[in-house]
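*Asks:* Contents are compact mmCIF, C-alpha atoms; file name coords38.txt:
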```txt
# COMPACT_ATOMS: atom_id res chain seq x y z
CA MET A 1 55.57 -2.94 2.05
CA LEU A 2 56.16 0.28 0.14
CA PRO A 3 52.94 2.10 -0.81
CA ILE A 4 51.74 1.93 -4.39
CA ARG A 5 50.41 5.22 -5.69
CA PRO A 6 48.23 5.86 -8.75
CA ALA A 7 50.26 5.81 -11.97
CA THR A 8 49.39 9.42 -12.83
CA GLN A 9 51.00 10.60 -9.57
CA LEU A 10 53.82 8.10 -9.74
CA TRP A 11 55.29 8.73 -13.17
CA PRO A 12 57.55 11.76 -12.45
CA PRO A 13 59.42 10.32 -9.43
CA VAL A 14 59.77 6.92 -11.08
CA LEU A 15 61.06 8.31 -14.38
CA LEU A 16 63.46 10.82 -12.86
CA GLY A 17 64.56 8.63 -9.95
CA SER A 18 65.15 5.58 -12.11
CA GLN A 19 67.36 7.59 -14.45
CA PHE A 20 69.38 8.73 -11.44
CA VAL A 21 69.93 5.18 -10.17
CA PHE A 22 70.50 3.64 -13.60
CA ASN A 23 73.26 6.13 -14.36
CA ILE A 24 75.04 5.37 -11.11
CA GLY A 25 75.24 1.73 -12.12
CA PHE A 26 76.13 2.52 -15.72
CA TYR A 27 78.87 5.10 -15.15
CA ALA A 28 80.49 3.05 -12.41
CA VAL A 29 81.37 0.38 -15.00
CA VAL A 30 81.26 1.35 -18.69
CA PRO A 31 83.82 4.22 -18.64
CA PHE A 32 86.42 1.77 -17.29
CA LEU A 33 85.60 -1.05 -19.71
CA ALA A 34 87.93 0.21 -22.47
CA ILE A 35 90.85 0.41 -20.02
CA PHE A 36 90.15 -3.13 -18.80
CA LEU A 37 90.06 -4.43 -22.38
CA ARG A 38 93.31 -2.66 -23.30
CA ASP A 39 95.38 -3.20 -20.15
CA ASP A 40 94.05 -6.46 -18.70
CA MET A 41 92.91 -8.35 -21.79
CA LEU A 42 95.55 -6.77 -24.07
CA LEU A 43 93.12 -6.23 -26.94
CA SER A 44 93.88 -4.05 -29.95
CA GLY A 45 92.09 -0.79 -30.62
CA GLY A 46 90.00 -2.50 -33.31
CA LEU A 47 88.74 -5.21 -30.95
CA ILE A 48 88.06 -2.66 -28.21
CA GLY A 49 86.04 -0.63 -30.68
CA LEU A 50 84.16 -3.78 -31.70
CA VAL A 51 83.22 -4.66 -28.10
CA LEU A 52 82.12 -1.12 -27.23
CA GLY A 53 80.32 -0.77 -30.53
CA LEU A 54 78.43 -4.02 -30.02
CA ARG A 55 77.46 -2.91 -26.51
CA THR A 56 76.03 0.36 -27.80
CA PHE A 57 74.39 -1.26 -30.82
CA SER A 58 72.78 -3.97 -28.69
CA GLN A 59 71.14 -1.20 -26.66
CA GLN A 60 70.25 1.37 -29.29
CA GLY A 61 69.46 -1.21 -31.97
CA MET A 62 67.04 -3.04 -29.68
CA PHE A 63 65.06 0.05 -28.72
CA ILE A 64 62.26 -0.76 -31.15
CA VAL A 65 61.92 -4.26 -29.71
CA GLY A 66 61.92 -2.95 -26.15
CA GLY A 67 59.23 -0.42 -27.03
CA ALA A 68 57.09 -3.05 -28.75
CA LEU A 69 57.41 -5.42 -25.79
CA SER A 70 56.44 -2.60 -23.43
CA ASP A 71 53.34 -1.85 -25.51
CA ARG A 72 52.35 -5.51 -25.47
CA TYR A 73 53.14 -6.58 -21.91
CA GLY A 74 53.23 -3.30 -19.98
CA ALA A 75 56.09 -1.03 -18.94
CA ARG A 76 56.51 -2.48 -15.44
CA ILE A 77 57.44 -6.04 -16.39
CA ILE A 78 59.72 -4.91 -19.23
CA ILE A 79 61.59 -2.41 -17.03
CA LEU A 80 62.09 -5.08 -14.36
CA CYS A 81 63.29 -7.58 -16.98
CA GLY A 82 65.73 -4.95 -18.24
CA CYS A 83 67.23 -4.63 -14.77
CA VAL A 84 67.65 -8.41 -14.51
CA VAL A 85 69.31 -8.64 -17.94
CA ARG A 86 71.75 -5.84 -17.09
CA VAL A 87 72.67 -7.54 -13.81
CA VAL A 88 73.46 -10.75 -15.72
CA GLY A 89 75.56 -8.75 -18.18
CA TYR A 90 77.60 -7.17 -15.40
CA LEU A 91 78.15 -10.57 -13.78
CA LEU A 92 79.53 -11.90 -17.06
CA LEU A 93 81.88 -8.91 -17.27
CA ALA A 94 83.00 -9.57 -13.70
CA PHE A 95 83.70 -13.28 -14.09
CA GLY A 96 84.46 -13.60 -17.80
CA TYR A 97 88.04 -14.33 -18.81
CA SER A 98 87.58 -14.88 -22.54
CA LEU A 99 86.64 -12.47 -25.29
CA PRO A 100 83.34 -14.23 -26.22
CA VAL A 101 82.13 -14.04 -22.60
CA ILE A 102 83.11 -10.37 -22.33
CA ILE A 103 81.29 -9.60 -25.60
CA ALA A 104 78.21 -11.46 -24.33
CA GLY A 105 78.30 -9.51 -21.07
CA ALA A 106 78.72 -6.18 -22.87
CA CYS A 107 75.81 -6.98 -25.21
CA LEU A 108 73.55 -8.02 -22.33
CA THR A 109 74.21 -4.74 -20.54
CA GLY A 110 73.07 -3.00 -23.71
CA ILE A 111 69.99 -5.20 -24.17
CA GLY A 112 68.99 -4.49 -20.57
CA GLY A 113 69.04 -0.78 -21.32
CA ALA A 114 67.04 -1.37 -24.50
CA LEU A 115 64.29 -2.95 -22.44
CA PHE A 116 63.80 -0.17 -19.90
CA SER A 117 64.85 3.01 -21.74
CA PRO A 118 62.15 3.19 -24.48
CA SER A 119 59.34 2.90 -21.93
CA ILE A 120 60.80 5.69 -19.84
CA GLU A 121 61.36 8.04 -22.79
CA ALA A 122 57.91 7.43 -24.28
CA LEU A 123 56.23 8.06 -20.93
CA LEU A 124 58.24 11.23 -20.48
CA ALA A 125 57.37 12.48 -23.96
CA LYS A 126 53.65 11.93 -23.36
CA ALA A 127 53.79 13.54 -19.93
CA GLY A 128 55.73 16.49 -21.38
CA THR A 129 53.18 16.94 -24.16
CA ARG A 130 50.35 17.14 -21.63
CA SER A 131 52.35 19.49 -19.41
CA GLU A 132 53.11 21.81 -22.32
CA ALA A 133 49.48 21.79 -23.45
CA GLN A 134 48.49 22.89 -19.94
CA GLY A 135 50.92 25.82 -20.07
CA LYS A 136 53.32 24.24 -17.60
CA ARG A 137 56.83 22.86 -18.12
CA SER A 138 57.62 22.21 -21.80
CA ARG A 139 58.47 18.79 -23.21
CA ALA A 140 62.03 19.90 -23.94
CA GLU A 141 62.42 21.12 -20.36
CA TRP A 142 61.19 17.76 -19.06
CA PHE A 143 63.86 16.02 -21.12
CA ALA A 144 66.39 18.53 -19.77
CA LEU A 145 65.34 17.80 -16.18
CA PHE A 146 65.55 14.09 -17.00
CA ALA A 147 69.12 14.67 -18.16
CA VAL A 148 69.96 16.56 -14.96
CA CYS A 149 68.71 13.69 -12.80
CA GLY A 150 70.73 11.30 -14.90
CA GLU A 151 73.85 13.40 -14.48
CA LEU A 152 73.39 13.51 -10.71
CA GLY A 153 73.75 9.74 -10.88
CA ALA A 154 76.61 10.05 -13.34
CA VAL A 155 78.52 12.17 -10.80
CA LEU A 156 78.55 9.31 -8.31
CA GLY A 157 79.11 6.49 -10.81
CA PRO A 158 82.61 7.35 -12.09
CA VAL A 159 83.76 8.30 -8.60
CA ALA A 160 82.70 4.93 -7.24
CA GLY A 161 84.23 3.18 -10.25
CA ALA A 162 87.52 5.07 -9.88
CA LEU A 163 87.72 4.18 -6.19
CA LEU A 164 87.20 0.51 -6.98
CA THR A 165 89.60 0.28 -9.92
CA GLY A 166 92.47 -0.32 -7.53
CA LEU A 167 90.74 -3.55 -6.50
CA GLY A 168 90.26 -4.63 -10.11
CA PHE A 169 87.61 -4.38 -12.80
CA ARG A 170 85.77 -7.41 -11.38
CA GLN A 171 84.90 -5.44 -8.24
CA VAL A 172 83.76 -2.50 -10.38
CA ALA A 173 81.40 -4.73 -12.38
CA LEU A 174 80.07 -6.40 -9.23
CA ALA A 175 79.32 -2.99 -7.72
CA GLY A 176 77.41 -2.04 -10.87
CA ALA A 177 75.41 -5.27 -10.63
CA ALA A 178 74.59 -4.51 -6.97
CA VAL A 179 73.21 -1.10 -7.92
CA PHE A 180 70.82 -2.65 -10.44
CA VAL A 181 69.74 -5.33 -7.97
CA MET A 182 68.75 -2.57 -5.55
CA ALA A 183 66.98 -0.70 -8.36
CA LEU A 184 65.11 -3.90 -9.25
CA ILE A 185 63.84 -4.29 -5.68
CA VAL A 186 62.68 -0.68 -5.36
CA LEU A 187 61.03 -0.57 -8.79
CA PHE A 188 59.26 -3.87 -8.11
CA PHE A 189 57.29 -2.11 -5.37
CA TYR A 190 56.98 1.40 -6.82
CA LEU A 191 56.20 0.82 -10.48
CA PRO A 192 52.45 0.70 -11.05
CA ALA A 193 51.13 -2.60 -12.34
CA GLY A 194 49.88 -2.29 -15.91
CA SER A 195 47.61 -4.66 -17.74
CA ALA A 196 48.91 -6.29 -20.88
CA LYS A 197 47.08 -5.39 -24.05
CA ASN A 198 45.20 -8.11 -25.87
CA GLN A 199 46.89 -7.59 -29.17
CA PRO A 200 49.75 -9.25 -31.06
CA LEU A 201 53.25 -7.83 -30.79
CA GLN A 202 53.49 -5.04 -33.35
CA ILE A 203 56.76 -3.90 -34.87
CA THR A 204 55.16 -2.59 -38.06
CA PRO A 205 55.33 1.11 -36.97
CA TRP A 206 59.13 0.83 -37.16
CA TRP A 207 58.94 0.50 -40.92
CA THR A 208 56.50 3.37 -41.38
CA THR A 209 59.15 5.80 -40.17
CA PHE A 210 61.10 5.19 -43.38
CA ARG A 211 58.22 6.53 -45.45
CA GLN A 212 59.22 10.03 -44.31
CA PRO A 213 62.33 11.08 -46.25
CA ARG A 214 62.92 14.12 -44.07
CA PHE A 215 62.79 12.03 -40.90
CA VAL A 216 65.19 9.51 -42.43
CA ALA A 217 67.58 12.37 -43.21
CA PHE A 218 67.10 13.65 -39.66
CA ILE A 219 67.99 10.35 -37.96
CA ILE A 220 71.02 9.88 -40.22
CA ALA A 221 72.30 13.36 -39.36
CA TRP A 222 71.41 12.88 -35.69
CA SER A 223 73.30 9.57 -35.48
CA SER A 224 76.66 11.34 -35.49
CA TRP A 225 75.78 12.71 -32.05
CA LEU A 226 75.72 9.25 -30.48
CA LEU A 227 78.89 8.28 -32.36
CA SER A 228 80.58 11.40 -30.99
CA TYR A 229 79.28 10.93 -27.46
CA ASN A 230 80.48 7.32 -27.44
CA GLN A 231 84.04 8.65 -27.77
CA LEU A 232 83.92 9.43 -24.05
CA TYR A 233 84.39 5.67 -23.62
CA LEU A 234 86.59 4.87 -26.62
CA ALA A 235 88.69 7.95 -27.52
CA LEU A 236 88.94 9.76 -24.17
CA PRO A 237 90.92 6.91 -22.51
CA VAL A 238 93.28 7.05 -25.50
CA GLU A 239 93.90 10.78 -24.99
CA ILE A 240 94.47 10.24 -21.27
CA GLN A 241 97.07 7.58 -22.05
CA ARG A 242 98.79 9.91 -24.57
CA ALA A 243 98.97 12.57 -21.87
CA GLY A 244 100.59 10.18 -19.40
CA GLY A 245 97.50 9.89 -17.21
CA SER A 246 95.85 6.82 -15.72
CA GLU A 247 92.39 5.33 -15.39
CA LYS A 248 91.87 7.31 -12.18
CA ASP A 249 91.79 10.49 -14.29
CA LEU A 250 88.53 9.33 -15.88
CA GLY A 251 86.61 9.97 -12.68
CA PRO A 252 87.30 13.74 -12.47
CA LEU A 253 86.64 14.18 -16.19
CA PHE A 254 83.27 12.47 -15.99
CA MET A 255 82.52 14.55 -12.92
CA LEU A 256 83.32 17.64 -15.00
CA ALA A 257 80.79 16.54 -17.62
CA SER A 258 78.18 15.79 -14.98
CA GLY A 259 78.76 19.08 -13.18
CA LEU A 260 78.26 21.01 -16.41
CA VAL A 261 74.96 19.24 -17.07
CA ILE A 262 73.70 19.74 -13.52
CA LEU A 263 74.50 23.47 -13.57
CA PHE A 264 73.65 24.43 -17.14
CA GLN A 265 71.28 21.87 -18.70
CA LEU A 266 68.01 23.55 -17.72
CA PRO A 267 69.12 27.11 -18.60
CA LEU A 268 70.53 25.92 -21.94
CA ALA A 269 67.32 23.96 -22.67
CA ARG A 270 65.25 27.10 -22.11
CA PHE A 271 67.66 29.09 -24.29
CA ALA A 272 67.48 26.43 -26.99
CA ARG A 273 63.69 26.50 -26.92
CA ARG A 274 63.67 30.27 -27.42
CA MET A 275 66.15 30.05 -30.28
CA GLY A 276 64.45 27.08 -31.96
CA ALA A 277 65.77 23.80 -33.34
CA VAL A 278 66.62 25.42 -36.68
CA ARG A 279 69.42 27.37 -35.02
CA ILE A 280 70.32 25.23 -32.03
CA LEU A 281 70.87 21.83 -33.67
CA PRO A 282 73.56 23.09 -36.10
CA VAL A 283 75.28 25.00 -33.27
CA GLY A 284 75.30 21.91 -31.06
CA PHE A 285 76.95 19.82 -33.77
CA LEU A 286 79.51 22.56 -34.41
CA LEU A 287 80.49 22.51 -30.73
CA ILE A 288 80.93 18.75 -30.89
CA ALA A 289 83.14 19.09 -33.96
CA ALA A 290 85.16 21.71 -32.07
CA SER A 291 85.65 19.26 -29.18
CA PHE A 292 87.54 16.85 -31.45
CA LEU A 293 89.52 19.66 -33.06
CA SER A 294 90.64 20.87 -29.63
CA VAL A 295 92.36 17.51 -28.99
CA ALA A 296 93.75 17.35 -32.53
CA LEU A 297 95.65 20.59 -31.84
CA PHE A 298 97.49 19.03 -28.86
CA ALA A 299 97.86 15.43 -30.10
CA PRO A 300 101.22 15.89 -31.94
CA SER A 301 102.89 17.56 -28.93
CA GLU A 302 104.49 16.07 -25.88
CA PRO A 303 102.11 16.30 -22.89
CA ALA A 304 102.52 19.03 -20.32
CA THR A 305 103.45 18.28 -16.74
CA GLY A 306 101.14 18.17 -13.75
CA TRP A 307 97.43 18.73 -14.10
CA LEU A 308 97.96 20.65 -17.36
CA ARG A 309 98.44 17.31 -19.12
CA LEU A 310 94.66 16.85 -18.84
CA LEU A 311 93.84 20.21 -20.42
CA PRO A 312 93.11 18.77 -23.92
CA ALA A 313 90.87 16.09 -22.40
CA ALA A 314 89.09 18.70 -20.28
CA CYS A 315 88.50 20.88 -23.35
CA PHE A 316 87.16 17.86 -25.19
CA VAL A 317 84.75 16.95 -22.39
CA THR A 318 83.58 20.56 -21.93
CA LEU A 319 82.84 21.24 -25.59
CA LEU A 320 81.29 17.82 -26.18
CA THR A 321 79.06 18.15 -23.12
CA THR A 322 77.97 21.67 -24.05
CA GLY A 323 77.04 20.50 -27.53
CA GLN A 324 75.15 17.57 -26.01
CA MET A 325 73.20 19.87 -23.68
CA LEU A 326 72.00 21.90 -26.66
CA LEU A 327 71.33 18.92 -28.91
CA VAL A 328 69.54 16.32 -26.82
CA PRO A 329 66.51 18.24 -25.48
CA ALA A 330 66.04 20.06 -28.79
CA GLY A 331 66.47 16.92 -30.88
CA LYS A 332 64.09 14.80 -28.82
CA ASP A 333 61.61 17.65 -28.77
CA VAL A 334 61.68 17.66 -32.59
CA VAL A 335 60.77 13.95 -32.92
CA PRO A 336 57.03 14.44 -32.18
CA TRP A 337 56.96 16.88 -35.13
CA PHE A 338 57.27 13.81 -37.36
CA ALA A 339 55.07 11.41 -35.37
CA SER A 340 51.59 10.94 -33.99
CA GLU A 341 51.24 9.78 -30.40
CA SER A 342 50.55 6.20 -31.55
CA THR A 343 53.89 6.00 -33.41
CA LEU A 344 55.97 8.04 -30.97
CA GLY A 345 57.77 5.00 -29.56
CA ALA A 346 58.65 3.76 -33.05
CA HIS A 347 60.10 7.13 -34.02
CA TYR A 348 62.22 7.33 -30.85
CA GLY A 349 63.27 3.74 -31.51
CA ALA A 350 64.33 4.63 -35.06
CA LEU A 351 66.32 7.57 -33.72
CA ALA A 352 68.15 5.39 -31.22
CA THR A 353 68.74 2.51 -33.62
CA ALA A 354 70.28 4.78 -36.25
CA GLY A 355 72.66 6.05 -33.58
CA GLY A 356 73.53 2.50 -32.56
CA CYS A 357 74.35 1.58 -36.17
CA ALA A 358 76.55 4.66 -36.43
CA VAL A 359 78.43 3.76 -33.26
CA LEU A 360 79.03 0.17 -34.37
CA ALA A 361 80.23 1.19 -37.84
CA GLY A 362 82.24 4.13 -36.51
CA ASN A 363 83.98 2.11 -33.81
CA LEU A 364 84.95 -0.58 -36.30
CA LEU A 365 86.30 2.11 -38.61
CA LEU A 366 88.06 4.19 -35.98
CA GLY A 367 89.18 1.61 -33.40
CA ASP A 368 92.49 0.77 -35.05
CA LEU A 369 92.90 4.37 -36.20
CA LEU A 370 92.83 5.56 -32.59
CA ASP A 371 95.94 3.49 -31.89
CA GLN A 372 97.81 6.26 -33.75
CA ALA A 373 96.74 8.71 -31.05
CA LEU A 374 98.26 6.74 -28.15
CA THR A 375 101.63 8.46 -28.49
CA PRO A 376 102.43 12.07 -29.52
CA SER A 377 103.15 12.28 -33.24
CA VAL A 378 101.99 14.05 -36.38
CA GLY A 379 99.67 11.14 -37.14
CA ALA A 380 98.09 11.37 -33.68
CA SER A 381 95.85 14.19 -34.93
CA THR A 382 94.36 12.11 -37.74
CA PRO A 383 91.77 10.15 -35.70
CA TRP A 384 90.51 13.33 -34.04
CA LEU A 385 90.21 15.16 -37.36
CA VAL A 386 88.26 12.25 -38.83
CA LEU A 387 85.93 12.28 -35.82
CA ALA A 388 85.33 16.01 -36.31
CA VAL A 389 84.10 15.48 -39.87
CA PHE A 390 80.92 13.63 -38.84
CA PRO A 391 79.34 16.28 -36.57
CA LEU A 392 80.46 18.99 -39.00
CA CYS A 393 78.49 17.29 -41.80
CA SER A 394 75.52 16.91 -39.45
CA ALA A 395 75.59 20.62 -38.64
CA LEU A 396 75.33 21.46 -42.33
CA ALA A 397 72.59 18.86 -42.87
CA MET A 398 70.48 20.14 -39.96
CA VAL A 399 70.35 23.62 -41.49
CA VAL A 400 68.43 22.14 -44.43
CA ILE A 401 66.42 19.48 -42.58
CA CYS A 402 65.03 21.79 -39.88
CA ARG A 403 63.81 24.62 -42.11
CA PRO A 404 60.16 23.46 -42.18
CA MET A 405 60.14 23.25 -38.37
CA ARG A 406 60.06 27.00 -37.82
CA ARG A 407 56.37 26.54 -37.06
CA PRO A 408 54.73 23.62 -35.22
CA ARG A 409 53.25 20.94 -37.44
CA ALA A 410 49.46 21.05 -37.66
```
Translate this structure into structure tokens?
*Replies:*
Amino acid sequence: MLPIRPATQLWPPVLLGSQFVFNIGFYAVVPFLAIFLRDDMLLSGGLIGLVLGLRTFSQQGMFIVGGALSDRYGARIIILCGCVVRVVGYLLLAFGYSLPVIIAGACLTGIGGALFSPSIEALLAKAGTRSEAQGKRSRAEWFALFAVCGELGAVLGPVAGALLTGLGFRQVALAGAAVFVMALIVLFFYLPAGSAKNQPLQITPWWTTFRQPRFVAFIIAWSSWLLSYNQLYLALPVEIQRAGGSEKDLGPLFMLASGLVILFQLPLARFARRMGAVRILPVGFLLIAASFLSVALFAPSEPATGWLRLLPAACFVTLLTTGQMLLVPAGKDVVPWFASESTLGAHYGALATAGGCAVLAGNLLLGDLLDQALTPSVGASTPWLVLAVFPLCSALAMVVICRPMRRPRA
């Protein structure tokens, strides 16, 4: 039997290692889901956007429930349940032949993530706070390192998924399920057993977050980041199809994103900390807006030949990933400015849920619009220009919202 170590010594390897493994299973499947829905199930852009939006919303929107369950029953059992639920979701994606079954599978994969992700983020935030108070690694740097470990897994996921796409999406989904079964077995032994708290399930802290107008403005502005990032799964396959590429081109592009994070996330997180959220958050959103504009410039033109046909997609991935690397550690580091330690999970849950609502609404709005970008034409730029508006508005909003954060809150 694998040795069980004290929880205080076990947290870092569990948190960082689990993110690594979870991303392998996630990125082996989800990036190829839109292609499966379009090519195999022959769904319209609107229905594809609905399925992907429901998947994201079922994860982000359930964060508050996952956090509350973790507080009540302990992180270990909720993380293990999350792995089981995601395995069931992948099995439904593998063996489902009707739209309702596929939607159920996509939603279950999201709910599984909603069960294990809040516990991991809350533990990391608390550990980062203690580390920073001791003069060691800052909380933002811990989140950056967390992102690097996740991207190491994300490097392997798309490659494995791309290799299996020739066998069919069913094999891709089954491989993703196998990864989470292995994660379930390892975490069963290595996660420290926690005692459930003798108190009723509390979701009340969720509502207290809305008593802070500045935090409400912050999560609304922040939500455009998740909407933009979700376009790696919805809009990027559309651009690849416009350029005459295939689903196998997704693998190298996701590897590009992962490589950028692995190489530059920690240095950019340290740079962002020196500059401060007041400056970095607007810059990050401007880079994301520029990522959509870079594709809009090429969308009306006939694609180039050879590897140059992927240049617009590569520009999109590079700018979006760079903006993400600036935004995520800085944004998550800002959340404790609004919250006490007892309401930290609720505030992170509110942040995630707002993003999930934005993705669901945005995908429903933009799904059919993206069909215009499938072939080169003047109208092909329209979806990308619309997508650029959201992060541009967030950049302007963050300038105002973050002004009081120049100094730490007492």
*Asks:* Would you work out the distance separating CA of Ser301 in chain A from CA of Pro376 in chain A, expressed in Å to one decimal?
*Replies:*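 Interatomic distance here is 5.5 Å.
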*Asks:* Point out the residue among A:Cys315, A:Ala34, A:Ala243, A:Cys402 with the least atom-to-atom distance to Ala380 in chain A, counting all atoms listed in the file.
*Replies:* A:Ala243
*Asks:* Grab the CA of Ile78 in chain A to CA of Ser228 in chain A distance for me, in Å with one decimal place.
*Replies:*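 According to the coordinates, CA of Ile78 in chain A and CA of Ser228 in chain A are separated by 29.0 Å.
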*Asks:* Mind checking which residues fall within 8 Å of range 152-164 of chain A, counting all atoms listed in the file, ignoring those fewer than 6 positions away in the same chain, and posting them as a list in words?
*Replies:*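 Result of the neighbour search: Gln19, Phe20, Val21, Phe22, Asn23, Ile24, Gly25, Phe26, Tyr27, Ala28, Val29, Pro31, Phe32, Gln171, Val172, Glu247, Lys248, Leu250, Gly251, Pro252, Phe254, Met255, Ser258, Gly259 and Ile262 of chain A.
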*Asks:* How far is it from CA of Gly105 in chain A to CA of Ile240 in chain A, in Å with one decimal?
*Replies:*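 Going from CA of Gly105 in chain A over to CA of Ile240 in chain A covers 25.5 Å.
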*Asks:* Would you please work out which residue, of A:Ala257, A:Ala235, A:Ala144, A:Val84, is nearest to Ala125 in chain A when using only C-alpha atoms?
*Replies:* A:Ala144
*Asks:* Fewer than 6 positions away in the same chain doesn't count, so skip those; otherwise give me all residues within 7 Å of Gly128 in chain A, counting all atoms listed in the file, as a list in words.
*Replies:*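 Residues meeting the cut-off are Ser138, Arg139 and Trp142 of chain A.
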*Asks:* Between A:Arg137, A:Arg403, A:Arg72, A:Arg86, single out the one closest to Arg270 in chain A, counting all atoms listed in the file.
*Replies:*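 The closest residue to Arg270 in chain A is A:Arg137.
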*Asks:* Padding 5 Å on every side, please: axis-aligned box over the listed atoms of range 97-114 of chain A, centre and edge lengths to one decimal in Å, as lines of an AutoDock Vina configuration file.
*Replies:*
```
center_x = 77.5
center_y = -7.8
center_z = -22.5
size_x = 31.0
size_y = 24.1
size_z = 17.4
```
*Asks:* From the list A:Leu167, A:Ala352, A:Leu33, A:Gly244, which residue is nearest Trp307 in chain A when using all atoms listed in the file?
*Replies:*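 Of the candidates, the smallest distance to Trp307 in chain A is held by A:Gly244.
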*Asks:* Between A:Leu236, A:Ile102, A:Ala330, A:Leu392, which has the minimum distance to Ile280 in chain A (counting all atoms listed in the file)?
*Replies:*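 The shortest atom-to-atom distance to Ile280 in chain A comes from A:Ala330.
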*Asks:* Excluding Leu327 in chain A and any residue of its chain fewer than 6 positions from it, enumerate the residues within 9 Å of it, using all atoms listed in the file, and give them as JSON, numbers by chain.
*Replies:* {"A": [225, 269, 272, 277, 280, 281, 282, 283, 284, 285]}
*Asks:* So that I can check the surroundings of Glu302 in chain A, please list as a PyMOL selection string every protein, DNA and RNA residue that reaches within 9 Å of it, counting all atoms listed in the file and ignoring chain neighbours fewer than 3 positions away.
*Replies:* chain A and resi 242-243+298-299+375-377
*Asks:* Give the answer as one residue: which of A:Ala183, A:Val378, A:Ala395, A:Ala114 has the shortest atom-to-atom distance to Gln60 in chain A, using all atoms listed in the file?
*Replies:* A:Ala114
